[in-house]
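Visitor: Just work13.txt, nothing more (compact mmCIF, C-alpha atoms and all ligand atoms):
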```txt
# COMPACT_ATOMS: atom_id res chain seq x y z
CA MET E 1 19.72 -27.56 -2.67
CA ASN E 2 21.67 -25.15 -0.48
CA LYS E 3 23.17 -22.80 -3.04
CA LYS E 4 26.09 -20.42 -2.59
CA LEU E 5 24.74 -16.89 -3.00
CA THR E 6 26.90 -14.11 -4.37
CA ILE E 7 25.07 -10.80 -4.39
CA GLY E 8 25.31 -7.72 -6.55
CA LEU E 9 23.66 -4.92 -4.59
CA VAL E 10 22.25 -1.95 -6.50
CA GLY E 11 21.62 1.02 -4.20
CA PHE E 12 23.15 1.87 -0.87
CA GLY E 13 20.53 4.16 0.67
CA CYS E 14 18.45 3.53 3.77
CA VAL E 15 17.51 -0.10 2.93
CA GLY E 16 20.66 -1.00 0.94
CA SER E 17 23.01 0.02 3.75
CA GLY E 18 20.66 -1.69 6.23
CA LEU E 19 20.94 -4.91 4.22
CA TYR E 20 24.73 -4.67 4.23
CA GLU E 21 24.70 -4.40 8.03
CA VAL E 22 22.12 -7.11 8.73
CA LEU E 23 23.86 -9.49 6.37
CA ASN E 24 27.14 -8.92 8.15
CA LYS E 25 25.52 -9.22 11.59
CA SER E 26 23.52 -12.33 10.74
CA LYS E 27 25.85 -15.31 10.86
CA LEU E 28 22.93 -17.50 9.85
CA ILE E 29 23.01 -16.74 6.16
CA ASP E 30 25.93 -17.73 4.05
CA ALA E 31 25.65 -15.05 1.38
CA GLN E 32 28.20 -12.49 0.38
CA ILE E 33 27.79 -9.05 -1.20
CA LYS E 34 30.48 -8.92 -3.88
CA THR E 35 29.73 -5.61 -5.61
CA ILE E 36 27.71 -2.56 -4.60
CA VAL E 37 26.63 -0.26 -7.42
CA VAL E 38 25.75 3.35 -6.58
CA LYS E 39 25.06 6.45 -8.66
CA ASP E 40 26.67 9.42 -6.96
CA LYS E 41 30.49 9.30 -6.86
CA ASN E 42 30.74 12.26 -4.49
CA LYS E 43 28.40 11.09 -1.74
CA LYS E 44 30.06 10.29 1.61
CA ARG E 45 29.56 6.62 2.52
CA PRO E 46 30.48 4.57 5.60
CA LEU E 47 32.58 2.05 3.59
CA PRO E 48 35.89 2.51 1.73
CA GLU E 49 35.53 3.58 -1.89
CA ASP E 50 36.83 0.30 -3.29
CA HIS E 51 33.59 -1.37 -2.12
CA PHE E 52 31.64 0.57 -4.77
CA SER E 53 31.18 0.47 -8.50
CA TYR E 54 29.36 3.08 -10.58
CA ASP E 55 28.47 0.82 -13.46
CA VAL E 56 25.70 -1.75 -13.18
CA SER E 57 27.27 -3.87 -15.93
CA ASP E 58 29.99 -4.77 -13.39
CA ILE E 59 27.26 -6.84 -11.74
CA LEU E 60 25.46 -8.00 -14.87
CA LYS E 61 28.63 -9.31 -16.52
CA ASP E 62 30.01 -10.98 -13.40
CA GLU E 63 29.25 -14.70 -13.72
CA GLU E 64 29.94 -15.36 -10.06
CA ILE E 65 27.08 -13.04 -9.02
CA ASN E 66 23.86 -15.03 -9.06
CA VAL E 67 21.57 -12.65 -7.16
CA VAL E 68 20.85 -9.00 -7.90
CA VAL E 69 19.32 -7.08 -5.00
CA GLU E 70 17.74 -3.94 -6.41
CA LEU E 71 17.14 -1.22 -3.79
CA ILE E 72 17.12 2.08 -5.65
CA ASN E 73 14.53 4.80 -5.60
CA ASP E 74 14.24 5.48 -9.34
CA SER E 75 11.68 2.95 -10.59
CA ASP E 76 12.39 3.58 -14.30
CA ALA E 77 16.10 2.85 -13.83
CA ALA E 78 15.16 -0.13 -11.63
CA TYR E 79 12.95 -1.50 -14.42
CA GLU E 80 15.91 -1.62 -16.84
CA ILE E 81 18.21 -3.14 -14.21
CA VAL E 82 15.74 -5.87 -13.22
CA ARG E 83 15.06 -6.80 -16.85
CA SER E 84 18.78 -6.95 -17.62
CA ALA E 85 19.40 -9.05 -14.52
CA PHE E 86 16.75 -11.61 -15.60
CA ASN E 87 18.17 -11.69 -19.11
CA ALA E 88 21.60 -12.34 -17.60
CA GLY E 89 20.12 -15.33 -15.75
CA LYS E 90 20.29 -13.83 -12.25
CA ALA E 91 17.62 -14.06 -9.55
CA VAL E 92 16.31 -10.69 -8.36
CA VAL E 93 15.21 -9.44 -4.97
CA SER E 94 13.56 -6.01 -4.94
CA ALA E 95 11.61 -3.83 -2.51
CA ASN E 96 10.48 -1.41 -5.19
CA LYS E 97 6.69 -1.47 -4.89
CA LYS E 98 6.10 1.11 -7.66
CA LEU E 99 8.21 -0.81 -10.16
CA ILE E 100 6.61 -4.13 -9.30
CA ALA E 101 3.01 -2.86 -9.23
CA GLU E 102 3.45 -1.19 -12.61
CA HIS E 103 5.19 -4.07 -14.42
CA LEU E 104 4.39 -7.19 -12.43
CA ASP E 105 3.07 -9.54 -15.12
CA GLU E 106 5.72 -8.56 -17.63
CA LEU E 107 8.53 -9.02 -15.10
CA LEU E 108 7.11 -12.36 -13.96
CA ASN E 109 7.03 -13.63 -17.53
CA LEU E 110 10.61 -12.54 -18.09
CA ALA E 111 11.76 -14.19 -14.85
CA LYS E 112 9.94 -17.38 -15.92
CA GLU E 113 11.47 -17.33 -19.41
CA ASN E 114 14.93 -17.09 -17.84
CA GLU E 115 14.11 -19.65 -15.14
CA VAL E 116 15.07 -17.36 -12.27
CA SER E 117 13.25 -16.25 -9.11
CA PHE E 118 11.82 -12.81 -8.47
CA LEU E 119 11.12 -12.11 -4.79
CA TYR E 120 9.85 -8.89 -3.22
CA GLU E 121 8.61 -9.45 0.33
CA GLY E 122 10.20 -6.13 1.41
CA ALA E 123 7.92 -4.26 -1.02
CA VAL E 124 4.78 -4.79 1.10
CA ALA E 125 4.39 -3.86 4.77
CA GLY E 126 8.13 -3.80 5.57
CA SER E 127 9.08 -6.53 7.99
CA ILE E 128 5.70 -8.36 7.95
CA PRO E 129 5.99 -11.64 6.01
CA VAL E 130 2.68 -11.20 4.24
CA LEU E 131 3.40 -12.29 0.65
CA ARG E 132 4.93 -15.60 1.58
CA ASN E 133 2.05 -16.30 3.94
CA LEU E 134 -0.47 -15.53 1.20
CA GLU E 135 1.44 -17.86 -1.12
CA GLU E 136 2.09 -20.73 1.24
CA TYR E 137 -0.53 -20.70 3.99
CA TYR E 138 -3.53 -19.21 2.17
CA ASN E 139 -2.80 -21.24 -0.93
CA ASN E 140 -6.48 -21.83 -1.71
CA ASP E 141 -9.45 -19.65 -2.51
CA SER E 142 -10.79 -19.28 1.04
CA LEU E 143 -9.64 -15.67 1.51
CA THR E 144 -12.46 -13.15 1.66
CA SER E 145 -10.67 -9.93 2.55
CA ILE E 146 -7.31 -8.39 3.18
CA GLU E 147 -6.86 -4.92 4.57
CA GLY E 148 -4.35 -3.01 6.56
CA ILE E 149 -2.04 -0.17 7.27
CA THR E 150 0.66 -0.59 4.65
CA ASN E 151 2.41 2.77 4.88
CA GLY E 152 4.60 3.64 7.86
CA THR E 153 4.99 7.34 7.08
CA THR E 154 1.28 8.14 7.08
CA ASN E 155 0.63 6.04 10.16
CA TYR E 156 3.43 7.93 11.88
CA ILE E 157 1.95 11.31 10.84
CA LEU E 158 -1.59 10.30 11.91
CA THR E 159 -0.30 8.99 15.26
CA ARG E 160 1.57 12.24 15.89
CA SER E 161 -1.57 14.23 15.02
CA ASN E 162 -3.26 12.59 18.03
CA HIS E 163 -0.53 14.17 20.15
CA GLY E 164 -1.11 17.63 18.69
CA VAL E 165 1.87 17.55 16.29
CA ASP E 166 1.06 19.34 13.04
CA TYR E 167 1.24 17.66 9.65
CA SER E 168 4.44 19.23 8.30
CA THR E 169 6.42 18.70 11.53
CA ALA E 170 5.33 15.05 11.65
CA LEU E 171 6.22 14.54 7.97
CA LYS E 172 9.65 16.06 8.58
CA GLU E 173 10.18 13.66 11.49
CA ALA E 174 9.15 10.70 9.30
CA GLN E 175 11.65 11.83 6.65
CA GLU E 176 14.44 12.15 9.22
CA LEU E 177 13.66 8.69 10.57
CA GLY E 178 14.03 7.22 7.06
CA PHE E 179 10.37 6.14 6.69
CA ALA E 180 9.24 8.46 3.90
CA GLU E 181 9.84 8.07 0.18
CA ILE E 182 12.22 10.60 -1.41
CA ASP E 183 9.07 12.08 -2.93
CA PRO E 184 6.75 11.99 0.11
CA THR E 185 3.72 12.71 -2.09
CA LEU E 186 3.78 8.98 -2.78
CA ASP E 187 3.22 8.34 0.92
CA VAL E 188 0.77 11.08 1.87
CA ASP E 189 -1.43 10.81 -1.22
CA GLY E 190 -1.77 7.05 -0.86
CA TYR E 191 0.22 5.96 -3.95
CA ASP E 192 2.68 3.86 -1.93
CA SER E 193 -0.24 2.10 -0.19
CA LYS E 194 -1.88 1.57 -3.57
CA TYR E 195 1.20 -0.09 -5.10
CA LYS E 196 1.30 -2.40 -2.10
CA LEU E 197 -2.41 -3.15 -2.48
CA VAL E 198 -1.83 -4.10 -6.13
CA LEU E 199 0.71 -6.69 -4.96
CA LEU E 200 -1.68 -7.94 -2.27
CA LEU E 201 -4.47 -8.30 -4.88
CA LYS E 202 -2.16 -10.47 -6.95
CA HIS E 203 -1.09 -12.73 -4.12
CA ALA E 204 -4.42 -12.83 -2.23
CA PHE E 205 -6.84 -13.17 -5.14
CA GLY E 206 -4.73 -13.86 -8.24
CA LEU E 207 -5.83 -10.55 -9.78
CA SER E 208 -3.59 -8.39 -11.96
CA VAL E 209 -4.90 -4.86 -11.47
CA PRO E 210 -3.07 -1.92 -13.06
CA PRO E 211 -2.32 0.70 -10.37
CA GLU E 212 -4.27 3.36 -12.27
CA GLU E 213 -7.42 1.26 -11.77
CA VAL E 214 -7.16 1.55 -7.98
CA VAL E 215 -8.43 4.74 -6.33
CA ASN E 216 -6.06 6.21 -3.76
CA ILE E 217 -7.14 8.99 -1.43
CA GLY E 218 -4.44 10.13 0.97
CA ILE E 219 -4.18 11.98 4.27
CA ARG E 220 -3.00 15.39 3.06
CA ASN E 221 -6.40 16.99 3.72
CA VAL E 222 -7.00 15.58 7.20
CA THR E 223 -7.43 18.59 9.49
CA LYS E 224 -7.81 19.22 13.21
CA HIS E 225 -11.59 18.98 12.67
CA GLU E 226 -11.39 15.31 11.64
CA VAL E 227 -8.95 14.57 14.46
CA ALA E 228 -11.45 16.17 16.88
CA TYR E 229 -14.37 14.21 15.33
CA ALA E 230 -12.40 10.99 15.77
CA ARG E 231 -11.66 11.79 19.40
CA GLU E 232 -15.30 12.62 20.12
CA LYS E 233 -16.55 9.36 18.61
CA GLY E 234 -13.79 7.18 20.09
CA TYR E 235 -12.23 6.54 16.66
CA ARG E 236 -8.70 6.83 15.28
CA ILE E 237 -7.82 7.76 11.70
CA LYS E 238 -5.78 5.22 9.73
CA LEU E 239 -4.84 5.11 6.06
CA LEU E 240 -6.11 1.69 5.01
CA SER E 241 -5.47 -0.40 1.91
CA ARG E 242 -8.59 -2.56 1.54
CA ALA E 243 -9.58 -5.44 -0.71
CA GLU E 244 -12.72 -7.52 -0.29
CA LYS E 245 -14.15 -10.40 -2.27
CA VAL E 246 -17.92 -10.41 -2.68
CA LYS E 247 -19.01 -13.43 -4.75
CA ASP E 248 -17.11 -13.06 -8.04
CA ARG E 249 -16.20 -9.40 -7.56
CA VAL E 250 -13.27 -7.90 -5.71
CA VAL E 251 -13.30 -4.31 -4.54
CA GLY E 252 -10.10 -2.54 -3.60
CA PHE E 253 -9.14 1.00 -2.64
CA VAL E 254 -6.91 3.14 -0.45
CA ALA E 255 -8.47 5.83 1.75
CA PRO E 256 -8.25 7.26 5.25
CA GLN E 257 -10.70 5.60 7.56
CA PHE E 258 -12.10 6.14 11.05
CA VAL E 259 -11.49 2.91 12.93
CA SER E 260 -13.23 2.08 16.17
CA ARG E 261 -11.58 0.51 19.22
CA GLU E 262 -12.79 -2.94 18.05
CA HIS E 263 -10.83 -2.67 14.79
CA SER E 264 -7.57 -4.64 14.84
CA ALA E 265 -5.61 -1.63 13.54
CA PHE E 266 -6.82 0.73 16.30
CA GLU E 267 -3.73 0.27 18.48
CA VAL E 268 -1.25 0.06 15.61
CA ASN E 269 0.74 3.27 15.81
CA ASN E 270 3.79 5.15 14.53
CA GLU E 271 5.62 3.38 11.68
CA PHE E 272 4.04 0.03 12.49
CA ASN E 273 2.00 -1.65 9.77
CA ALA E 274 -0.83 -4.13 10.19
CA VAL E 275 -2.30 -6.63 7.80
CA ILE E 276 -5.68 -8.19 8.62
CA VAL E 277 -6.58 -11.26 6.66
CA GLU E 278 -10.04 -12.80 6.73
CA ALA E 279 -10.75 -16.27 5.40
CA LEU E 280 -13.82 -18.49 5.36
CA PHE E 281 -12.79 -20.87 8.09
CA SER E 282 -9.95 -19.23 10.03
CA ASP E 283 -11.89 -15.94 10.53
CA LYS E 284 -9.68 -12.87 11.13
CA GLN E 285 -5.92 -12.96 11.55
CA LEU E 286 -3.72 -9.99 12.33
CA PHE E 287 -0.06 -9.42 11.47
CA ILE E 288 1.75 -6.45 13.00
CA GLY E 289 5.30 -5.27 12.40
CA LYS E 290 7.48 -2.32 11.50
CA GLY E 291 6.51 -1.24 8.02
CA ALA E 292 9.30 1.18 7.20
CA GLY E 293 12.86 2.00 8.11
CA SER E 294 16.26 0.60 7.33
CA TYR E 295 16.53 -2.62 9.38
CA PRO E 296 12.86 -3.74 9.26
CA THR E 297 12.75 -3.52 5.45
CA ALA E 298 16.24 -4.99 5.15
CA SER E 299 15.11 -7.94 7.27
CA ALA E 300 12.43 -8.80 4.67
CA VAL E 301 15.01 -8.48 1.88
CA LEU E 302 17.35 -10.72 3.87
CA SER E 303 14.62 -13.31 4.20
CA ASP E 304 14.13 -13.28 0.40
CA VAL E 305 17.87 -13.68 -0.14
CA SER E 306 17.89 -16.58 2.27
CA ALA E 307 14.91 -18.20 0.47
CA LEU E 308 16.96 -18.16 -2.73
CA LYS E 309 19.37 -20.63 -1.15
CA PHE E 310 16.63 -23.16 -1.85
CA ASP E 311 15.59 -21.61 -5.18
CA TYR E 312 12.30 -20.46 -3.70
CA ALA E 313 9.93 -18.79 -6.18
CA TYR E 314 6.35 -17.56 -5.75
CA GLU E 315 3.95 -19.93 -7.46
CA TYR E 316 0.96 -17.57 -7.88
CA ARG E 317 -1.42 -20.40 -7.09
CA LYS E 318 -4.43 -18.05 -7.05
CA SER E 319 -4.01 -17.18 -10.74
CA GLU E 320 -6.71 -19.66 -11.75
CA GLU E 321 -9.14 -18.19 -9.22
CA GLY E 322 -8.18 -14.71 -10.47
CA LYS E 323 -9.56 -15.58 -13.91
CA THR E 324 -13.03 -16.00 -12.40
CA LEU E 325 -12.96 -12.68 -10.50
CA THR E 326 -13.57 -9.09 -11.62
CA PHE E 327 -12.07 -6.05 -9.98
CA THR E 328 -14.70 -3.36 -9.47
CA LYS E 329 -15.12 0.14 -8.07
CA ASP E 330 -18.88 -0.10 -8.08
CA PHE E 331 -19.89 -0.35 -4.43
CA PHE E 332 -21.26 1.92 -1.74
CA VAL E 333 -19.38 3.21 1.25
CA LYS E 334 -20.32 5.43 4.17
CA ILE E 335 -18.12 8.51 4.41
CA TYR E 336 -17.51 11.64 6.43
CA LEU E 337 -16.92 14.68 4.22
CA GLY E 338 -15.71 17.89 5.86
CA SER E 339 -15.00 21.32 4.39
CA PRO E 340 -14.98 25.02 5.25
CA PHE E 341 -17.36 25.38 2.27
CA ILE E 342 -20.78 23.75 2.32
CA GLU E 343 -21.01 24.21 -1.48
CA ALA E 344 -17.96 21.93 -1.88
CA ILE E 345 -19.70 19.21 0.16
CA ASN E 346 -22.87 19.64 -1.90
CA GLU E 347 -20.95 18.86 -5.10
CA ILE E 348 -20.56 15.23 -4.03
CA PRO E 349 -23.55 12.99 -4.77
CA PHE E 350 -24.78 11.32 -1.57
CA TYR E 351 -27.34 8.52 -1.86
CA GLN E 352 -28.28 8.83 1.79
CA ILE E 353 -27.36 11.55 4.28
CA ASP E 354 -27.12 10.51 7.92
CA GLU E 355 -25.65 13.51 9.75
CA VAL E 356 -25.09 17.17 8.85
CA TYR E 357 -23.15 19.70 10.90
CA GLN E 358 -22.52 23.33 10.07
CA SER E 359 -20.77 26.05 12.07
CA GLU E 360 -19.46 29.45 11.03
CA ASP E 361 -16.20 28.15 9.65
CA TYR E 362 -16.68 24.41 9.12
CA ALA E 363 -19.22 21.89 7.92
CA TYR E 364 -19.38 18.15 7.58
CA GLN E 365 -21.81 15.59 6.33
CA THR E 366 -21.90 11.82 6.73
CA GLY E 367 -23.73 9.37 4.53
CA TRP E 368 -23.52 6.84 1.70
CA VAL E 369 -21.82 7.46 -1.63
CA ARG E 370 -21.21 5.35 -4.69
CA PHE E 371 -17.44 4.82 -4.75
CA SER E 372 -17.18 4.79 -8.55
CA GLU E 373 -18.57 8.33 -8.60
CA LEU E 374 -15.88 9.71 -6.27
CA GLU E 375 -12.92 9.28 -8.60
CA GLN E 376 -13.80 12.28 -10.78
CA PHE E 377 -13.46 14.64 -7.78
CA ASN E 378 -9.72 14.01 -7.42
CA PHE E 379 -9.71 14.37 -3.64
CA ASN E 380 -5.93 14.52 -3.28
CA GLN E 381 -5.97 17.83 -5.15
CA ARG E 382 -9.04 19.24 -3.37
CA LYS E 383 -7.45 20.84 -0.32
CA GLU E 384 -10.84 22.08 0.90
CA LEU E 385 -12.41 18.60 1.11
CA SER E 386 -11.56 16.00 3.76
CA LEU E 387 -12.91 12.56 2.97
CA ILE E 388 -12.70 9.83 5.57
CA VAL E 389 -14.41 6.45 5.32
CA LEU E 390 -16.63 5.53 8.28
CA PRO E 391 -16.47 2.09 9.94
CA GLU E 392 -19.68 0.64 8.39
CA PRO E 393 -19.13 -2.33 6.03
CA ILE E 394 -19.16 -1.54 2.32
CA THR E 395 -22.21 -2.71 0.39
CA SER E 396 -23.36 -3.39 -3.13
CA GLY E 397 -26.00 -0.79 -2.37
CA GLU E 398 -29.17 -2.22 -3.93
CA GLN E 399 -31.24 -0.74 -1.11
CA LEU E 400 -29.55 2.64 -1.47
CA ILE E 401 -30.12 2.78 -5.22
CA LYS E 402 -33.77 1.87 -4.70
CA LYS E 403 -34.19 4.52 -1.99
CA SER E 404 -32.49 7.18 -4.08
CA LYS E 405 -34.77 6.41 -7.07
CA GLU E 406 -37.82 6.67 -4.81
CA ARG E 407 -36.55 9.96 -3.42
CA LYS E 408 -35.92 11.41 -6.88
CA PHE E 409 -39.41 10.37 -7.88
CA ALA E 410 -40.89 11.98 -4.76
CA LEU E 411 -38.94 15.19 -5.39
CA LEU E 412 -40.12 15.27 -8.97
CA GLU E 413 -43.73 14.87 -7.86
CA THR E 414 -43.32 17.70 -5.37
CA SER E 415 -41.80 20.04 -7.91
CA ILE E 416 -44.64 19.39 -10.35
CA VAL E 417 -47.14 20.27 -7.63
N1 LIG J 501 7.69 5.04 2.53
C1 LIG J 501 7.30 3.72 2.88
C2 LIG J 501 6.47 3.76 4.13
C3 LIG J 501 8.53 2.88 3.08
O1 LIG J 501 6.43 4.81 4.78
O2 LIG J 501 5.84 2.77 4.47
C4 LIG J 501 8.26 1.41 3.22
O3 LIG J 501 7.69 0.87 2.07
```
Would you mind writing the file out in structure tokens?

Guide:
Amino acid sequence: MNKKLTIGLVGFGCVGSGLYEVLNKSKLIDAQIKTIVVKDKNKKRPLPEDHFSYDVSDILKDEEINVVVELINDSDAAYEIVRSAFNAGKAVVSANKKLIAEHLDELLNLAKENEVSFLYEGAVAGSIPVLRNLEEYYNNDSLTSIEGITNGTTNYILTRSNHGVDYSTALKEAQELGFAEIDPTLDVDGYDSKYKLVLLLKHAFGLSVPPEEVVNIGIRNVTKHEVAYAREKGYRIKLLSRAEKVKDRVVGFVAPQFVSREHSAFEVNNEFNAVIVEALFSDKQLFIGKGAGSYPTASAVLSDVSALKFDYAYEYRKSEEGKTLTFTKDFFVKIYLGSPFIEAINEIPFYQIDEVYQSEDYAYQTGWVRFSELEQFNFNQRKELSLIVLPEPITSGEQLIKKSKERKFALLETSIV
């Protein structure tokens, strides 16, 4: 069925205005924006005033409008709008990763009850068509891992840091270029990447994981010392969202990571995102594309709108597999931990220490830690501690636990003597 689409657009910011333009430029899609709802009456906009409404019920009550495209920043207001749209029998396209990660199962049920589609490709990795690929191509349980750079702002800041640009200048540039969230804490502390990872966990492994269950460590505390360490070792620093399936357990987290030249994300710079999918038989596959900005995100929204012409809906085929899997934070990871204060480093329990460096004003230590024990240290708030994951694969850590027990025993023996 090739349906006529009449759109009610909510929000006319960076992505909303981008959608308006790409829809007008693209002659390929026969869809028309009938009403645009915005909040601020006094804001200067590039279209005549009669294009705008200030009341969302103008869309909800309009029977001709069959698609609501929700592109506002306020996720609480978006939650009410999306629910009302479903209850009014309208399909919804959204790019609001926070809203979707926080309420996914509830919104899916409501969409199902009302027999309408809910699409949100633009919510993950901007222009990269990752969700639909996970749904349609990887529609079985062969996936073993999915990881990537899912935040354009932080990748832009980290790329600029390699060129000697300081953190606040680079963040300002990312804001001016329209990459950053209105509250950039969401970007730099890894929340945005976490919301996207929650959506990837759902579509890759059928797991519903509340965002508060996923640890997110951001890039706010990356200093010139870590940039220099990376350069010396031939690494680059990337903020990665990672999920891996090990037997019936899935681990997932967001943290900055040193990646070596062999890593597929090594050359992915500026606002580009990368998603690396690994499956049993296809091995690794890499998707690269612009992850932020007006047109790239609008292009993903446009693709969702166009899929609605054929009543496309995600089928969540991995849900059955998801019931057999458990999300866990209990695994071991090798990290670099830097600080001006050696006492701060010593607070963190290491199960094995591989390298220690100390100068007059800076120290770092590398080694293996139990990830579940890191959460309590709230790294985003600990300005004096820079944690970066090293390239070694994560492990369930049986050997490390054994070693640490032996060491404790040996220490105890020594102290008795
Ligand atoms: N602030 C987000 C980013 C926008 O930088 O990736 C796209 O989701």

Visitor: Let me see if you get this right: every residue at most 10 Å from ligand LIG 501 (chain J), counting all atoms listed in the file, written as JSON, numbers by chain.

Guide: {"E": [14, 15, 95, 96, 97, 98, 122, 123, 124, 125, 126, 127, 149, 150, 151, 152, 153, 154, 155, 156, 157, 174, 175, 178, 179, 180, 181, 182, 183, 184, 185, 186, 187, 188, 191, 192, 193, 195, 196, 271, 272, 273, 290, 291, 292, 293, 294, 296, 297]}

Visitor: Choose the residue, out of E:Val356, E:Leu325, E:Glu113, E:Val305, that has the smallest atom-to-atom separation from Ile29 (chain E); count all atoms listed in the file.

Guide: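 Checking each candidate against Ile29 (chain E), we get E:Val305 as the closest.
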
Visitor: Need the shell around region 240-247 of chain E: protein/DNA/RNA residues with any atom at most 9 Å away, counting only C-alpha atoms. Skip same-chain ones fewer than 3 positions apart. Format as JSON, numbers by chain?

Guide: {"E": [143, 144, 145, 146, 147, 148, 149, 150, 151, 190, 193, 194, 196, 197, 200, 201, 205, 216, 250, 251, 252, 253, 254, 255, 256, 257, 325, 396]}

Visitor: Put the listed atoms of region 249-261 of chain E in a box along x, y and z with 5 Å added on every side and give me the centre and edge lengths in Å to one decimal, as JSON.

Guide:
```
{"center_x": -11.6, "center_y": -1.1, "center_z": 5.8, "size_x": 19.3, "size_y": 26.7, "size_z": 36.8}
```

Visitor: Quick one, how far is CA of Asp189 (chain E) from CA of Leu177 (chain E)?

Guide: 19.3 Å

Visitor: Rank E:Thr366, E:Ser359, E:Ser306, E:Ser319 by their smallest atom-to-atom distance to Asn140 (chain E), using all atoms listed in the file, and report the top residue only.

Guide: E:Ser319

Visitor: Kindly give the distance, in Å, that separates CA of Glu213 (chain E) and CA of Thr159 (chain E), rounded to a single decimal.

Guide: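 We find that CA of Glu213 (chain E) and CA of Thr159 (chain E) lie 29.0 Å from each other.
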
Visitor: Work out how far apart CA of Glu173 (chain E) and CA of Ala265 (chain E) are and give it in Å to one decimal.

Guide: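 Computed distance, CA of Glu173 (chain E) to CA of Ala265 (chain E), equals 22.1 Å.
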
Visitor: Please determine, counting only C-alpha atoms, which residue among E:Leu99, E:Leu400, E:Leu385, E:Leu107 has the shortest atom-to-atom distance to Pro340 (chain E).

Guide: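 Among E:Leu99, E:Leu400, E:Leu385, E:Leu107, it is E:Leu385 that comes nearest to Pro340 (chain E).
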
Visitor: Using all atoms listed in the file - which residues lie no farther than 8 Å from the point (6.4, -11.4, 8.7) in the file's frame? Write them as a VMD selection string.

Guide: chain E and resid 127 to 130 287 289 300
